[in-house]
file run-v4.txt (compact mmCIF, C-alpha atoms)
# COMPACT_ATOMS: atom_id res chain seq x y z
CA MET A 1 -38.81 -31.46 -32.50
CA TRP A 2 -36.02 -30.69 -30.00
CA ASP A 3 -36.97 -28.84 -26.83
CA ALA A 4 -34.06 -26.56 -25.93
CA SER A 5 -35.94 -24.75 -23.17
CA GLU A 6 -33.96 -26.44 -20.36
CA GLU A 7 -30.65 -25.69 -22.07
CA VAL A 8 -31.70 -22.07 -22.57
CA ARG A 9 -32.66 -21.77 -18.91
CA ASP A 10 -29.33 -23.29 -17.84
CA ARG A 11 -27.42 -20.84 -20.04
CA GLN A 12 -29.42 -17.88 -18.76
CA SER A 13 -28.83 -19.00 -15.18
CA ALA A 14 -25.08 -19.31 -15.82
CA ASN A 15 -24.99 -15.85 -17.41
CA LEU A 16 -26.89 -14.37 -14.47
CA ASN A 17 -24.52 -15.98 -11.96
CA SER A 18 -21.54 -14.66 -13.93
CA LEU A 19 -23.04 -11.17 -13.97
CA MET A 20 -23.69 -11.27 -10.23
CA ASN A 21 -20.17 -12.50 -9.44
CA THR A 22 -18.65 -9.80 -11.64
CA SER A 23 -20.86 -7.15 -10.03
CA ARG A 24 -19.73 -8.22 -6.56
CA VAL A 25 -16.07 -7.98 -7.53
CA VAL A 26 -16.51 -4.55 -9.11
CA LEU A 27 -18.54 -3.35 -6.12
CA ALA A 28 -15.82 -4.49 -3.73
CA GLY A 29 -13.14 -2.68 -5.74
CA LEU A 30 -15.10 0.55 -6.09
CA THR A 31 -16.09 0.43 -2.42
CA HIS A 32 -12.41 0.27 -1.52
CA GLU A 33 -11.77 3.40 -3.60
CA VAL A 34 -14.75 5.20 -2.03
CA ARG A 35 -13.37 4.43 1.42
CA ASN A 36 -9.93 5.73 0.48
CA LEU A 37 -11.34 8.94 -0.98
CA SER A 38 -13.70 9.55 1.93
CA ALA A 39 -10.89 8.90 4.42
CA ALA A 40 -8.68 11.47 2.69
CA ALA A 41 -11.52 13.99 2.50
CA GLY A 42 -12.42 13.29 6.13
CA SER A 43 -8.87 14.02 7.22
CA LEU A 44 -8.94 17.35 5.42
CA TYR A 45 -12.38 18.13 6.86
CA GLY A 46 -11.08 17.40 10.35
CA SER A 47 -8.27 19.89 9.87
CA LEU A 48 -10.69 22.57 8.66
CA THR A 49 -12.97 22.17 11.69
CA ARG A 50 -10.29 23.90 13.75
CA ARG A 51 -10.92 27.14 11.86
CA ALA A 52 -13.19 29.37 13.90
CA GLU A 53 -14.69 31.09 10.85
CA LEU A 54 -16.20 27.79 9.67
CA ALA A 55 -17.82 26.87 12.99
CA GLY A 56 -21.30 28.08 12.03
CA ASP A 57 -21.06 27.74 8.26
CA ARG A 58 -24.04 25.68 7.01
CA ASP A 59 -22.32 24.60 3.81
CA PHE A 60 -19.37 23.31 5.82
CA GLN A 61 -21.71 21.40 8.12
CA ALA A 62 -23.48 19.94 5.08
CA LEU A 63 -20.11 18.80 3.74
CA GLY A 64 -19.59 16.88 6.97
CA GLY A 65 -22.91 15.12 6.40
CA VAL A 66 -21.87 14.14 2.88
CA LEU A 67 -18.62 12.67 4.19
CA ASP A 68 -20.50 10.68 6.82
CA ALA A 69 -22.76 9.30 4.08
CA LEU A 70 -19.72 8.30 2.00
CA ARG A 71 -18.19 6.47 4.96
CA HIS A 72 -21.47 4.64 5.50
CA LEU A 73 -21.66 3.77 1.80
CA GLY A 74 -18.15 2.33 1.90
CA SER A 75 -18.97 0.15 4.89
CA SER A 76 -22.29 -1.02 3.42
CA GLY A 77 -20.74 -1.87 0.06
CA LEU A 78 -18.31 -4.32 1.64
CA ARG A 79 -21.18 -6.22 3.27
CA PHE A 80 -22.87 -6.73 -0.10
CA ALA A 81 -19.63 -7.75 -1.81
CA ALA A 82 -19.04 -10.98 0.07
CA PRO A 83 -16.76 -13.39 -1.83
CA ARG A 84 -18.36 -16.41 -3.49
CA SER A 85 -16.95 -19.69 -4.77
CA GLN A 86 -14.49 -19.19 -7.61
CA PRO A 87 -15.44 -20.62 -11.03
CA VAL A 88 -12.93 -22.03 -13.48
CA THR A 89 -12.58 -21.53 -17.23
CA ASP A 90 -11.36 -23.57 -20.17
CA LEU A 91 -9.08 -20.88 -21.54
CA ASN A 92 -9.02 -22.07 -25.16
CA THR A 93 -12.82 -22.06 -25.25
CA ALA A 94 -12.95 -18.58 -23.70
CA LEU A 95 -10.43 -17.25 -26.22
CA ASP A 96 -12.31 -18.81 -29.14
CA GLU A 97 -15.43 -16.94 -28.04
CA ALA A 98 -13.41 -13.77 -27.53
CA ARG A 99 -12.12 -13.95 -31.09
CA VAL A 100 -15.66 -14.30 -32.46
CA LEU A 101 -16.62 -11.22 -30.45
CA LEU A 102 -13.58 -9.03 -31.14
CA ASP A 103 -12.95 -9.70 -34.82
CA PRO A 104 -16.04 -7.91 -36.21
CA VAL A 105 -15.77 -5.07 -33.66
CA LEU A 106 -12.20 -4.29 -34.74
CA ALA A 107 -12.80 -4.98 -38.45
CA GLU A 108 -15.59 -2.41 -38.46
CA ALA A 109 -13.02 0.16 -37.28
CA GLY A 110 -10.56 -0.91 -40.00
CA ILE A 111 -8.31 -2.76 -37.55
CA THR A 112 -6.76 -6.17 -38.23
CA LEU A 113 -6.88 -8.67 -35.39
CA VAL A 114 -3.79 -10.90 -35.28
CA TRP A 115 -4.41 -14.07 -33.26
CA GLU A 116 -1.46 -16.07 -31.88
CA VAL A 117 -2.90 -18.51 -29.35
CA GLU A 118 -1.35 -21.80 -28.31
CA GLU A 119 -3.42 -24.95 -28.25
CA HIS A 120 -4.07 -26.89 -25.04
CA LEU A 121 -3.93 -23.95 -22.67
CA PRO A 122 -4.72 -24.81 -19.05
CA VAL A 123 -7.99 -24.55 -17.19
CA VAL A 124 -7.67 -21.32 -15.21
CA SER A 125 -9.24 -19.75 -12.18
CA GLY A 126 -11.91 -17.19 -13.01
CA ASP A 127 -15.15 -16.79 -14.89
CA GLN A 128 -15.27 -17.04 -18.70
CA MET A 129 -17.23 -13.77 -18.85
CA MET A 130 -14.41 -12.16 -16.86
CA VAL A 131 -11.90 -13.12 -19.56
CA LEU A 132 -14.21 -11.79 -22.28
CA GLN A 133 -14.81 -8.53 -20.41
CA VAL A 134 -11.11 -7.85 -19.85
CA LEU A 135 -10.22 -8.58 -23.48
CA LEU A 136 -13.08 -6.40 -24.72
CA ASN A 137 -11.94 -3.51 -22.49
CA LEU A 138 -8.39 -3.77 -23.80
CA ALA A 139 -9.56 -4.06 -27.42
CA ASN A 140 -11.73 -0.95 -27.03
CA ASN A 141 -8.76 0.97 -25.62
CA SER A 142 -6.67 -0.12 -28.63
CA ARG A 143 -9.46 0.81 -31.03
CA ARG A 144 -9.46 4.36 -29.69
CA ALA A 145 -5.65 4.54 -29.75
CA LEU A 146 -5.51 3.39 -33.38
CA SER A 147 -8.06 5.87 -34.69
CA GLY A 148 -5.38 7.98 -36.44
CA ALA A 149 -2.69 5.36 -37.03
CA ALA A 150 -1.47 4.24 -40.44
CA ASP A 151 -0.69 0.69 -39.26
CA ARG A 152 -3.80 -0.53 -37.46
CA ARG A 153 -3.37 -3.90 -35.80
CA VAL A 154 -4.24 -5.53 -32.48
CA ILE A 155 -2.19 -8.63 -31.64
CA VAL A 156 -3.46 -11.15 -29.09
CA GLN A 157 -0.91 -13.73 -27.92
CA ALA A 158 -1.61 -16.48 -25.40
CA SER A 159 0.74 -19.12 -24.04
CA ARG A 160 1.37 -21.30 -21.03
CA SER A 161 3.38 -19.93 -18.11
CA ALA A 162 4.98 -21.49 -15.05
CA VAL A 163 1.83 -20.92 -12.99
CA GLY A 164 -0.89 -20.90 -15.62
CA ALA A 165 -1.21 -18.76 -18.73
CA VAL A 166 -0.21 -15.34 -20.05
CA ILE A 167 -2.20 -13.31 -22.56
CA ARG A 168 -0.66 -10.24 -24.16
CA VAL A 169 -2.76 -7.67 -25.99
CA ARG A 170 -0.62 -5.33 -28.13
CA ASP A 171 -1.49 -2.63 -30.62
CA THR A 172 0.40 -0.54 -33.16
CA GLY A 173 -0.80 2.79 -31.80
CA PRO A 174 1.16 5.69 -30.29
CA GLY A 175 1.75 3.96 -26.94
CA VAL A 176 1.05 5.12 -23.39
CA ALA A 177 2.09 8.62 -22.32
CA GLU A 178 1.54 8.17 -18.55
CA PRO A 179 1.92 4.49 -17.54
CA GLY A 180 1.82 5.34 -13.85
CA ALA A 181 -1.76 6.62 -14.13
CA LEU A 182 -3.16 3.72 -16.17
CA PHE A 183 -4.95 1.87 -13.37
CA GLN A 184 -6.07 4.89 -11.34
CA PRO A 185 -9.85 5.35 -11.44
CA PHE A 186 -11.19 8.84 -12.17
CA HIS A 187 -7.75 10.06 -13.21
CA LYS A 188 -7.97 13.49 -14.84
CA ALA A 189 -6.02 12.35 -17.91
CA ALA A 190 -8.25 9.33 -18.51
CA GLU A 191 -10.95 9.18 -21.15
CA ASN A 192 -14.42 9.19 -19.53
CA THR A 193 -14.11 7.82 -15.96
CA GLY A 194 -10.94 5.79 -16.51
CA LEU A 195 -12.61 2.79 -14.89
CA GLY A 196 -12.07 0.25 -17.69
CA LEU A 197 -8.52 -0.77 -16.78
CA TYR A 198 -9.20 -0.44 -13.06
CA ILE A 199 -12.20 -2.78 -13.24
CA SER A 200 -10.34 -5.22 -15.50
CA ARG A 201 -7.46 -5.50 -13.04
CA THR A 202 -9.88 -5.82 -10.11
CA LEU A 203 -11.68 -8.71 -11.84
CA LEU A 204 -8.42 -10.53 -12.59
CA ARG A 205 -7.05 -10.06 -9.09
CA SER A 206 -10.26 -11.49 -7.63
CA ALA A 207 -9.37 -14.74 -9.45
CA GLY A 208 -5.70 -14.71 -8.42
CA GLY A 209 -4.61 -13.17 -11.73
CA GLU A 210 -3.07 -9.84 -12.68
CA LEU A 211 -3.19 -7.15 -15.34
CA SER A 212 -0.16 -4.98 -16.02
CA TRP A 213 1.33 -2.70 -18.65
CA GLU A 214 4.50 -3.87 -20.39
CA PRO A 215 6.98 -1.49 -22.01
CA SER A 216 7.31 -2.11 -25.75
CA GLN A 217 9.27 -0.55 -28.60
CA SER A 218 6.06 0.69 -30.20
CA GLY A 219 2.39 0.78 -29.36
CA ALA A 220 0.87 -0.37 -26.09
CA CYS A 221 1.11 -3.83 -24.56
CA PHE A 222 -0.91 -5.23 -21.67
CA ARG A 223 -0.14 -8.51 -19.93
CA ILE A 224 -2.89 -10.71 -18.45
CA GLU A 225 -1.77 -13.40 -16.02
CA LEU A 226 -4.11 -16.26 -15.09
CA GLN A 227 -3.66 -18.99 -12.50
CA ALA A 228 -4.03 -22.62 -13.56
CA VAL A 229 -6.21 -24.94 -11.52
CA PRO A 230 -5.96 -28.73 -11.29
CA GLU A 231 -8.07 -30.28 -14.00
CA VAL A 232 -10.95 -32.38 -12.77
CA VAL A 233 -10.65 -36.03 -13.87
CA THR A 234 -13.94 -37.90 -14.07
CA SER A 235 -14.26 -41.67 -14.23
call {"tool": "encode", "arguments": {"input": "run-v4.txt", "output": "structure tokens"}}
result
Amino acid sequence: MWDASEEVRDRQSANLNSLMNTSRVVLAGLTHEVRNLSAAAGSLYGSLTRRAELAGDRDFQALGGVLDALRHLGSSGLRFAAPRSQPVTDLNTALDEARVLLDPVLAEAGITLVWEVEEHLPVVSGDQMMVLQVLLNLANNSRRALSGAADRRVIVQASRSAVGAVIRVRDTGPGVAEPGALFQPFHKAAENTGLGLYISRTLLRSAGGELSWEPSQSGACFRIELQAVPEVVTS
């Protein structure tokens, strides 16, 4: 009999640490947005306080209390989002796991996953769960975009770059109507909250990477950039 309890505990601990690190990054990004929004609202509120007709208005006074609470929330969130040590990821291993995850999800929607990944990609800065999360977010966006398309494909390409690695996720959908609004959270044109791309870019930037939209002749294409780290050599 083989006792895998220690291995299971180690894996659960690693997953928990990954979840906590991701949560801290997302919290820091959302806190930044809350501070920006509350600062803009506070500026407008300050201008309105000069109107005599609002001096005794209870609703207006309550609005001031809400803005104070938002400012406090923004300051508190930054304290809980302290940066931690940065993990590293074997990119080929992370992409292998991503393929196992994405293939059935897309196949169920009638979408073909085309995989074009180089061998011997570098070890990169960032958590493996971060890579999986970003790819899953992009694949879900493509799945929605391809719902009415005749040609239904998602193409994942990964290769080395001068500073690390580049992953492109392309689809054969209708493309992006408003590229300038893609990474804006809570944008009125976004589906649901519009946080998927915002969070994905925040996660990548926390590891020194980047997420951007690339113009393409057809469909949508997103570019993931990851920073290589020196590989550890053990004796």
call {"tool": "closest_residue", "arguments": {"input": "run-v4.txt", "among": "A:Gly173, A:Gly42, A:Gly209, A:Pro122", "to": "Ala69 (chain A)", "atoms": "only C-alpha atoms"}}
result
A:Gly42
call {"tool": "atom_distance", "arguments": {"input": "run-v4.txt", "atom1": "CA of Val88 (chain A)", "atom2": "CA of Pro104 (chain A)"}}
result
26.9 Å
call {"tool": "closest_residue", "arguments": {"input": "run-v4.txt", "among": "A:Ile224, A:Ala41, A:Leu136, A:Ile111", "to": "Ala158 (chain A)", "atoms": "only C-alpha atoms"}}
result
A:Ile224
call {"tool": "closest_residue", "arguments": {"input": "run-v4.txt", "among": "A:Val117, A:Leu226, A:Ala52, A:Cys221", "to": "Gly208 (chain A)", "atoms": "only C-alpha atoms"}}
result
A:Leu226
call {"tool": "closest_residue", "arguments": {"input": "run-v4.txt", "among": "A:Leu44, A:Thr112, A:Glu118, A:Asn137", "to": "Ala150 (chain A)", "atoms": "all atoms listed in the file"}}
result
A:Thr112
call {"tool": "atom_distance", "arguments": {"input": "run-v4.txt", "atom1": "CA of Ser200 (chain A)", "atom2": "CA of Val134 (chain A)"}}
result
5.1 Å
call {"tool": "residues_around", "arguments": {"input": "run-v4.txt", "residues": "Pro215 (chain A)", "least_positions_apart": "2", "cutoff": "12 Å", "atoms": "all atoms listed in the file", "output": "PDB file with C-alpha atoms, keeping the file's coordinate frame"}}
result
ATOM      1  CA  ARG A 168      -0.660 -10.240 -24.160  1.00  0.00           C
ATOM      2  CA  ARG A 170      -0.620  -5.330 -28.130  1.00  0.00           C
ATOM      3  CA  GLY A 175       1.750   3.960 -26.940  1.00  0.00           C
ATOM      4  CA  VAL A 176       1.050   5.120 -23.390  1.00  0.00           C
ATOM      5  CA  ALA A 177       2.090   8.620 -22.320  1.00  0.00           C
ATOM      6  CA  GLU A 178       1.540   8.170 -18.550  1.00  0.00           C
ATOM      7  CA  PRO A 179       1.920   4.490 -17.540  1.00  0.00           C
ATOM      8  CA  GLY A 180       1.820   5.340 -13.850  1.00  0.00           C
ATOM      9  CA  SER A 212      -0.160  -4.980 -16.020  1.00  0.00           C
ATOM     10  CA  TRP A 213       1.330  -2.700 -18.650  1.00  0.00           C
ATOM     11  CA  GLN A 217       9.270  -0.550 -28.600  1.00  0.00           C
ATOM     12  CA  SER A 218       6.060   0.690 -30.200  1.00  0.00           C
ATOM     13  CA  GLY A 219       2.390   0.780 -29.360  1.00  0.00           C
ATOM     14  CA  ALA A 220       0.870  -0.370 -26.090  1.00  0.00           C
ATOM     15  CA  CYS A 221       1.110  -3.830 -24.560  1.00  0.00           C
ATOM     16  CA  PHE A 222      -0.910  -5.230 -21.670  1.00  0.00           C
ATOM     17  CA  ARG A 223      -0.140  -8.510 -19.930  1.00  0.00           C
TER      18      ARG A 223
END
call {"tool": "atom_distance", "arguments": {"input": "run-v4.txt", "atom1": "CA of Gly126 (chain A)", "atom2": "CA of Val154 (chain A)"}}
result
24.0 Å
call {"tool": "closest_residue", "arguments": {"input": "run-v4.txt", "among": "A:Ala94, A:Leu67, A:Val229, A:Ala107", "to": "Asp127 (chain A)", "atoms": "all atoms listed in the file"}}
result
A:Ala94
call {"tool": "residues_around", "arguments": {"input": "run-v4.txt", "residues": "Thr49 (chain A)", "least_positions_apart": "5", "cutoff": "10 Å", "atoms": "all atoms listed in the file", "output": "list in words"}}
result
Leu44, Leu54, Ala55, Phe60, Gln61 and Gly64 of chain A
call {"tool": "residues_near_point", "arguments": {"input": "run-v4.txt", "point": "(0.9, -18.0, -17.8)", "cutoff": "10 Å", "atoms": "only C-alpha atoms", "output": "list in words"}}
result
Leu121, Pro122, Val124, Ala158, Ser159, Arg160, Ser161, Ala162, Val163, Gly164, Ala165, Val166, Ile167, Gly209, Arg223, Ile224, Glu225, Leu226, Gln227 and Ala228 of chain A
call {"tool": "closest_residue", "arguments": {"input": "run-v4.txt", "among": "A:Ser216, A:Thr93, A:Ser206, A:Ser43", "to": "Leu132 (chain A)", "atoms": "all atoms listed in the file"}}
result
A:Thr93
